[in-house]
file coords.txt (compact mmCIF, C-alpha atoms)
# COMPACT_ATOMS: atom_id res chain seq x y z
CA MET M 26 37.25 2.76 6.58
CA GLN M 27 34.98 -0.07 5.44
CA THR M 28 34.63 -0.68 1.73
CA PHE M 29 31.27 -1.19 0.06
CA ALA M 30 32.17 -4.80 -0.69
CA SER M 31 32.92 -5.58 2.97
CA VAL M 32 29.74 -3.88 4.16
CA LEU M 33 27.69 -5.74 1.55
CA GLY M 34 29.30 -9.03 2.57
CA ASP M 35 28.50 -8.40 6.24
CA ALA M 36 24.93 -7.40 5.30
CA VAL M 37 24.37 -10.60 3.32
CA ALA M 38 25.85 -12.64 6.16
CA LEU M 39 23.45 -10.91 8.55
CA ILE M 40 20.49 -11.89 6.37
CA LEU M 41 21.64 -15.49 5.89
CA SER M 42 22.27 -15.93 9.62
CA GLY M 43 18.64 -15.05 10.37
CA ASP M 44 19.62 -12.35 12.87
CA ALA M 45 16.82 -12.04 15.46
CA ASP M 46 16.67 -8.23 15.41
CA LEU M 47 16.64 -8.19 11.61
CA MET M 48 13.83 -10.76 11.41
CA GLU M 49 11.80 -8.87 14.03
CA ILE M 50 12.04 -5.64 12.04
CA ILE M 51 11.12 -7.36 8.76
CA ALA M 52 8.18 -9.17 10.37
CA LEU M 53 6.79 -5.96 11.87
CA SER M 54 7.21 -4.11 8.57
CA LEU M 55 5.30 -6.79 6.66
CA ARG M 56 2.59 -7.06 9.33
CA VAL M 57 1.97 -3.31 9.37
CA THR M 58 2.08 -3.00 5.58
CA ILE M 59 -0.15 -5.97 4.81
CA THR M 60 -2.71 -4.84 7.39
CA ALA M 61 -2.74 -1.33 5.93
CA VAL M 62 -3.10 -2.62 2.36
CA ILE M 63 -6.01 -4.88 3.33
CA ALA M 64 -7.74 -1.95 5.05
CA ALA M 65 -7.05 0.30 2.07
CA CYS M 66 -8.50 -2.29 -0.33
CA LEU M 67 -11.63 -2.71 1.78
CA ILE M 68 -12.20 1.04 1.47
CA GLY M 69 -10.65 1.85 -1.90
CA LEU M 70 -11.94 -0.98 -4.08
CA PRO M 71 -15.68 -0.33 -3.56
CA LEU M 72 -15.13 3.43 -3.57
CA GLY M 73 -13.22 3.34 -6.85
CA ALA M 74 -15.75 0.91 -8.34
CA VAL M 75 -18.70 3.18 -7.52
CA VAL M 76 -16.98 6.26 -8.98
CA GLY M 77 -15.91 4.31 -12.06
CA ALA M 78 -19.20 2.55 -12.79
CA PHE M 79 -21.88 5.16 -12.06
CA ARG M 80 -22.67 8.66 -13.23
CA PHE M 81 -23.75 11.06 -10.48
CA PRO M 82 -23.46 14.77 -9.62
CA GLY M 83 -19.95 15.54 -8.41
CA ARG M 84 -18.40 12.51 -10.11
CA THR M 85 -15.81 14.63 -11.90
CA LEU M 86 -14.87 16.30 -8.62
CA ALA M 87 -14.59 12.90 -6.93
CA THR M 88 -12.30 11.68 -9.72
CA VAL M 89 -10.10 14.76 -9.44
CA LEU M 90 -9.88 14.36 -5.66
CA LEU M 91 -8.94 10.69 -5.89
CA ASN M 92 -6.24 11.42 -8.47
CA SER M 93 -4.94 14.36 -6.43
CA LEU M 94 -4.84 12.40 -3.18
CA MET M 95 -2.58 9.82 -4.80
CA GLY M 96 0.21 12.35 -4.25
CA LEU M 97 -0.46 12.99 -0.57
CA PRO M 98 2.80 14.08 1.14
CA PRO M 99 3.61 11.35 3.71
CA VAL M 100 4.90 13.81 6.30
CA VAL M 101 1.64 15.77 6.13
CA VAL M 102 -0.36 12.57 6.63
CA GLY M 103 1.93 11.68 9.53
CA LEU M 104 1.41 15.09 11.10
CA VAL M 105 -2.38 14.93 10.78
CA VAL M 106 -2.52 11.42 12.26
CA TYR M 107 -0.13 12.49 15.02
CA LEU M 108 -2.35 15.43 15.96
CA ALA M 109 -5.44 13.22 15.91
CA LEU M 110 -3.84 10.56 18.12
CA SER M 111 -1.89 12.82 20.47
CA ALA M 112 -3.05 13.32 24.06
CA SER M 113 -4.83 16.56 23.16
CA GLY M 114 -6.31 15.15 19.92
CA PRO M 115 -9.81 13.72 19.42
CA LEU M 116 -8.50 10.14 19.44
CA GLY M 117 -5.96 10.69 22.21
CA PRO M 118 -7.85 8.64 24.84
CA LEU M 119 -7.37 5.51 22.68
CA GLY M 120 -3.62 5.62 23.36
CA LEU M 121 -2.66 4.63 19.83
CA LEU M 122 0.22 7.05 19.26
CA TYR M 123 3.62 5.36 18.94
CA THR M 124 2.08 1.96 18.32
CA PRO M 125 1.93 -0.25 15.20
CA THR M 126 -1.78 0.61 14.96
CA ALA M 127 -0.92 4.28 14.43
CA MET M 128 1.45 3.26 11.65
CA VAL M 129 -1.28 1.15 10.03
CA ILE M 130 -3.66 4.13 10.13
CA ALA M 131 -1.11 6.43 8.48
CA GLN M 132 -0.27 3.89 5.76
CA THR M 133 -3.95 3.18 5.13
CA ILE M 134 -4.61 6.88 4.55
CA LEU M 135 -1.71 7.02 2.09
CA VAL M 136 -2.60 3.85 0.17
CA THR M 137 -6.40 4.17 -0.01
CA PRO M 138 -6.43 6.99 -2.62
CA ILE M 139 -3.99 5.01 -4.78
CA VAL M 140 -6.17 1.90 -4.65
CA ALA M 141 -9.37 3.89 -5.22
CA ALA M 142 -8.01 5.94 -8.14
CA LEU M 143 -6.51 2.95 -9.96
CA THR M 144 -9.65 0.90 -9.32
CA ARG M 145 -11.79 3.69 -10.73
CA GLN M 146 -9.85 3.64 -13.98
CA VAL M 147 -9.97 -0.15 -14.28
CA ILE M 148 -13.70 -0.35 -13.54
CA GLU M 149 -14.57 2.60 -15.78
CA ASP M 150 -12.82 1.00 -18.75
CA LEU M 151 -14.49 -2.33 -18.07
CA ASP M 152 -17.92 -0.78 -17.56
CA ARG M 153 -17.78 0.77 -21.04
CA GLU M 154 -17.62 -2.75 -22.47
CA TYR M 155 -20.46 -4.14 -20.37
CA SER M 156 -22.80 -1.17 -19.90
CA GLU M 157 -25.22 -2.10 -22.70
CA GLN M 158 -25.33 -5.72 -21.57
CA PHE M 159 -26.04 -4.65 -17.99
CA ARG M 160 -28.89 -2.40 -19.15
CA SER M 161 -30.42 -5.11 -21.33
CA LEU M 162 -30.37 -7.58 -18.44
CA GLY M 163 -31.69 -5.06 -15.91
CA VAL M 164 -28.77 -5.70 -13.57
CA GLY M 165 -29.01 -3.90 -10.20
CA PRO M 166 -26.27 -1.64 -8.78
CA LEU M 167 -24.85 -4.16 -6.29
CA THR M 168 -24.81 -7.00 -8.82
CA ARG M 169 -23.21 -4.69 -11.36
CA ILE M 170 -20.43 -3.66 -8.97
CA GLY M 171 -19.85 -7.26 -7.93
CA ALA M 172 -19.63 -8.44 -11.53
CA LEU M 173 -17.20 -5.70 -12.49
CA LEU M 174 -14.96 -6.31 -9.46
CA TRP M 175 -14.89 -10.05 -10.14
CA ASP M 176 -14.13 -9.66 -13.83
CA ALA M 177 -11.35 -7.19 -13.04
CA ARG M 178 -9.90 -9.31 -10.23
CA TYR M 179 -6.49 -9.80 -11.86
CA SER M 180 -6.08 -6.11 -12.57
CA LEU M 181 -7.26 -5.27 -9.06
CA LEU M 182 -4.72 -7.64 -7.53
CA THR M 183 -2.15 -5.62 -9.45
CA VAL M 184 -3.62 -2.49 -7.88
CA ALA M 185 -3.28 -4.04 -4.42
CA LEU M 186 0.35 -4.94 -5.11
CA ALA M 187 1.01 -1.36 -6.23
CA GLY M 188 -0.42 -0.21 -2.90
CA PHE M 189 1.78 -2.69 -1.06
CA GLY M 190 4.87 -1.39 -2.85
CA ARG M 191 3.97 2.16 -1.87
CA ALA M 192 3.31 1.27 1.76
CA VAL M 193 6.34 -0.95 2.41
CA ALA M 194 8.72 1.83 1.32
CA GLU M 195 7.05 4.51 3.46
CA VAL M 196 9.20 6.30 6.03
CA GLY M 197 7.97 9.88 6.61
CA ALA M 198 4.54 9.17 8.07
CA VAL M 199 5.42 6.05 10.04
CA ILE M 200 8.39 7.61 11.79
CA ILE M 201 6.19 10.51 12.95
CA VAL M 202 3.35 8.42 14.36
CA GLY M 203 5.43 5.36 15.32
CA GLY M 204 8.42 7.05 16.89
CA ASN M 205 10.87 4.38 15.67
CA ILE M 206 10.87 2.67 19.08
CA ASN M 207 13.10 -0.39 19.31
CA HIS M 208 11.16 -3.69 19.49
CA VAL M 209 7.88 -1.76 19.25
CA THR M 210 7.55 0.37 16.09
CA ARG M 211 10.88 0.00 14.33
CA VAL M 212 10.30 -1.02 10.71
CA MET M 213 12.67 -1.46 7.79
CA THR M 214 12.61 2.06 6.37
CA THR M 215 12.91 3.87 9.72
CA THR M 216 15.68 1.50 10.84
CA ILE M 217 17.64 2.15 7.65
CA ALA M 218 17.49 5.89 8.31
CA LEU M 219 18.49 5.46 11.98
CA GLU M 220 21.27 2.91 11.52
CA THR M 221 22.80 4.85 8.63
CA SER M 222 23.01 7.96 10.81
CA LYS M 223 24.64 5.84 13.56
CA GLY M 224 27.14 4.32 11.16
CA ASN M 225 25.76 0.79 11.52
CA LEU M 226 25.88 0.25 7.79
CA GLU M 227 25.68 -3.55 7.87
CA LEU M 228 22.17 -3.62 9.35
CA ALA M 229 21.04 -0.68 7.20
CA LEU M 230 22.29 -2.31 4.01
CA ALA M 231 20.86 -5.71 5.00
CA LEU M 232 17.42 -4.13 5.34
CA GLY M 233 17.97 -2.27 2.08
CA VAL M 234 18.70 -5.56 0.32
CA VAL M 235 15.52 -7.06 1.78
CA LEU M 236 13.51 -4.07 0.55
CA LEU M 237 14.98 -4.43 -2.92
CA VAL M 238 14.13 -8.15 -2.96
CA ILE M 239 10.56 -7.34 -1.91
CA ALA M 240 10.33 -4.73 -4.67
CA VAL M 241 11.54 -7.26 -7.25
CA LEU M 242 9.06 -9.89 -6.00
CA VAL M 243 6.19 -7.40 -6.10
CA ASN M 244 7.04 -6.38 -9.66
CA ALA M 245 7.37 -10.02 -10.69
CA ALA M 246 3.96 -10.70 -9.15
CA VAL M 247 2.46 -7.75 -11.03
CA MET M 248 3.86 -9.00 -14.34
CA GLY M 249 2.63 -12.52 -13.60
CA LEU M 250 -0.86 -11.30 -12.80
CA ARG M 251 -0.97 -9.22 -15.98
CA ALA M 252 0.03 -12.26 -18.02
CA SER M 253 -2.65 -14.32 -16.25
CA ALA M 254 -5.23 -11.63 -16.96
CA ALA M 255 -4.26 -11.57 -20.64
CA ARG M 256 -4.54 -15.35 -20.89
CA ALA M 257 -7.90 -15.31 -19.12
CA ALA M 258 -9.19 -12.63 -21.47
CA TYR M 259 -8.48 -14.78 -24.52
CA ALA M 260 -9.45 -18.10 -22.95

call {"tool": "encode", "arguments": {"input": "coords.txt", "output": "structure tokens"}}
result
Amino acid sequence: MQTFASVLGDAVALILSGDADLMEIIALSLRVTITAVIAACLIGLPLGAVVGAFRFPGRTLATVLLNSLMGLPPVVVGLVVYLALSASGPLGPLGLLYTPTAMVIAQTILVTPIVAALTRQVIEDLDREYSEQFRSLGVGPLTRIGALLWDARYSLLTVALAGFGRAVAEVGAVIIVGGNINHVTRVMTTTIALETSKGNLELALALGVVLLVIAVLVNAAVMGLRASAARAAYA
């Protein structure tokens, strides 16, 4: 029976040795997650900015929906994407099921509401400060949105990092649409689940350590960006 200390030692040794399988899994995880976060930001940032900056019929409903969708169950998202991409689904002919692209789609759906909802709050608070100035200058809608997004850039980078943290730890949706196929769709979270069930604790713990390090780095980046935003505000 292996002790925790021995397993941890083997896991650290696996990381330090640059094991090829370990590096492949980490690289795929980061590629899928970063792609999904970029896609989510391209959708969620302008969507959240529009809802936060403008008053229109149905705005309250849109806000409620965005806040509600932040809690989307990953397995439900995975199931919906699976049905859409399966052979009998509307997107079946594209052949995307059990590919990294399918995993990106699932993660994008999960992260976009988070980015949009947090952006809406940031932009709404900022717009309260600038609304009278915008009206006095006769600023148009596009210029207004652009100015708000630029002024809130540090806070919005924090939003993007929050989305990254959510996506990189995802397991339910990606295992459904990706299939956890070795050398194809095996990412950190799905590999941890698989290798733990197989008793290969060294690889599972090594990936767990990497995930923890990523979480620490993301949180450090968030704190750094908040400090930068505070300094910029009083500059």

call {"tool": "atom_distance", "arguments": {"input": "coords.txt", "atom1": "CA of Tyr123 in chain M", "atom2": "CA of Glu195 in chain M"}}
result
15.9 Å

call {"tool": "residues_around", "arguments": {"input": "coords.txt", "residues": "Ser54 in chain M", "least_positions_apart": "6", "cutoff": "8 Å", "atoms": "all atoms listed in the file", "output": "MDAnalysis selection string"}}
result
chainID M and resid 193 211:213

call {"tool": "closest_residue", "arguments": {"input": "coords.txt", "among": "M:Leu97, M:Val76, M:Ile206, M:Val199", "to": "Glu149 in chain M", "atoms": "all atoms listed in the file"}}
result
M:Val76

call {"tool": "closest_residue", "arguments": {"input": "coords.txt", "among": "M:Val102, M:Ile59, M:Val147, M:Val234", "to": "Val75 in chain M", "atoms": "all atoms listed in the file"}}
result
M:Val147

call {"tool": "residues_around", "arguments": {"input": "coords.txt", "residues": "Ala65 in chain M", "least_positions_apart": "5", "cutoff": "9 Å", "atoms": "only C-alpha atoms", "output": "list in words"}}
result
Thr60, Leu70, Gln132, Thr133, Ile134, Leu135, Val136, Thr137, Pro138, Ile139, Val140, Ala141, Ala185 and Gly188 of chain M

call {"tool": "write_last_selection", "arguments": {"input": "coords.txt", "atoms": "C-alpha atoms", "output": "short mmCIF file (atom, residue, chain, number, x, y, z; two decimals), in the frame of the given file"}}
result
data_model
loop_
_atom_site.label_atom_id
_atom_site.label_comp_id
_atom_site.auth_asym_id
_atom_site.auth_seq_id
_atom_site.Cartn_x
_atom_site.Cartn_y
_atom_site.Cartn_z
CA THR M 60 -2.71 -4.84 7.39
CA LEU M 70 -11.94 -0.98 -4.08
CA GLN M 132 -0.27 3.89 5.76
CA THR M 133 -3.95 3.18 5.13
CA ILE M 134 -4.61 6.88 4.55
CA LEU M 135 -1.71 7.02 2.09
CA VAL M 136 -2.60 3.85 0.17
CA THR M 137 -6.40 4.17 -0.01
CA PRO M 138 -6.43 6.99 -2.62
CA ILE M 139 -3.99 5.01 -4.78
CA VAL M 140 -6.17 1.90 -4.65
CA ALA M 141 -9.37 3.89 -5.22
CA ALA M 185 -3.28 -4.04 -4.42
CA GLY M 188 -0.42 -0.21 -2.90
#

call {"tool": "atom_distance", "arguments": {"input": "coords.txt", "atom1": "CA of Leu250 in chain M", "atom2": "CA of Gly233 in chain M"}}
result
25.6 Å

call {"tool": "closest_residue", "arguments": {"input": "coords.txt", "among": "M:Thr216, M:Ala127, M:Leu94, M:Val241", "to": "Leu186 in chain M", "atoms": "all atoms listed in the file"}}
result
M:Val241

call {"tool": "atom_distance", "arguments": {"input": "coords.txt", "atom1": "CA of Arg178 in chain M", "atom2": "CA of Ser93 in chain M"}}
result
24.5 Å

call {"tool": "residues_around", "arguments": {"input": "coords.txt", "residues": "Ala246 in chain M", "least_positions_apart": "2", "cutoff": "12 Å", "atoms": "all atoms listed in the file", "output": "tab-separated table (two decimals) with C-alpha atoms, in the coordinates of the input"}}
result
chain	number	residue	atom	x	y	z
M	179	TYR	CA	-6.49	-9.80	-11.86
M	180	SER	CA	-6.08	-6.11	-12.57
M	182	LEU	CA	-4.72	-7.64	-7.53
M	183	THR	CA	-2.15	-5.62	-9.45
M	184	VAL	CA	-3.62	-2.49	-7.88
M	185	ALA	CA	-3.28	-4.04	-4.42
M	186	LEU	CA	0.35	-4.94	-5.11
M	187	ALA	CA	1.01	-1.36	-6.23
M	189	PHE	CA	1.78	-2.69	-1.06
M	190	GLY	CA	4.87	-1.39	-2.85
M	239	ILE	CA	10.56	-7.34	-1.91
M	240	ALA	CA	10.33	-4.73	-4.67
M	241	VAL	CA	11.54	-7.26	-7.25
M	242	LEU	CA	9.06	-9.89	-6.00
M	243	VAL	CA	6.19	-7.40	-6.10
M	244	ASN	CA	7.04	-6.38	-9.66
M	248	MET	CA	3.86	-9.00	-14.34
M	249	GLY	CA	2.63	-12.52	-13.60
M	250	LEU	CA	-0.86	-11.30	-12.80
M	251	ARG	CA	-0.97	-9.22	-15.98
M	252	ALA	CA	0.03	-12.26	-18.02
M	253	SER	CA	-2.65	-14.32	-16.25

call {"tool": "axis_aligned_box", "arguments": {"input": "coords.txt", "around": "range 143-153 of chain M", "padding_each_side": "3 Å", "output": "AutoDock Vina command-line options"}}
result
--center_x -12.2 --center_y 0.7 --center_z -15.2 --size_x 17.4 --size_y 12.0 --size_z 17.7

call {"tool": "residues_around", "arguments": {"input": "coords.txt", "residues": "Ile201 in chain M", "least_positions_apart": "3", "cutoff": "6 Å", "atoms": "all atoms listed in the file", "output": "PyMOL selection string"}}
result
chain M and resi 103+198+204

call {"tool": "closest_residue", "arguments": {"input": "coords.txt", "among": "M:Asp35, M:Ile130, M:Pro115, M:Ile170", "to": "Ala64 in chain M", "atoms": "all atoms listed in the file"}}
result
M:Ile130

call {"tool": "closest_residue", "arguments": {"input": "coords.txt", "among": "M:Leu236, M:Leu151, M:Val202, M:Val57", "to": "Ala109 in chain M", "atoms": "all atoms listed in the file"}}
result
M:Val202

call {"tool": "closest_residue", "arguments": {"input": "coords.txt", "among": "M:Val247, M:Val101, M:Ile217, M:Ala112", "to": "Leu230 in chain M", "atoms": "only C-alpha atoms"}}
result
M:Ile217

call {"tool": "residues_around", "arguments": {"input": "coords.txt", "residues": "range 31-34 of chain M", "least_positions_apart": "5", "cutoff": "8 Å", "atoms": "all atoms listed in the file", "output": "NGL selection string"}}
result
:M and (226-227 or 230-231)
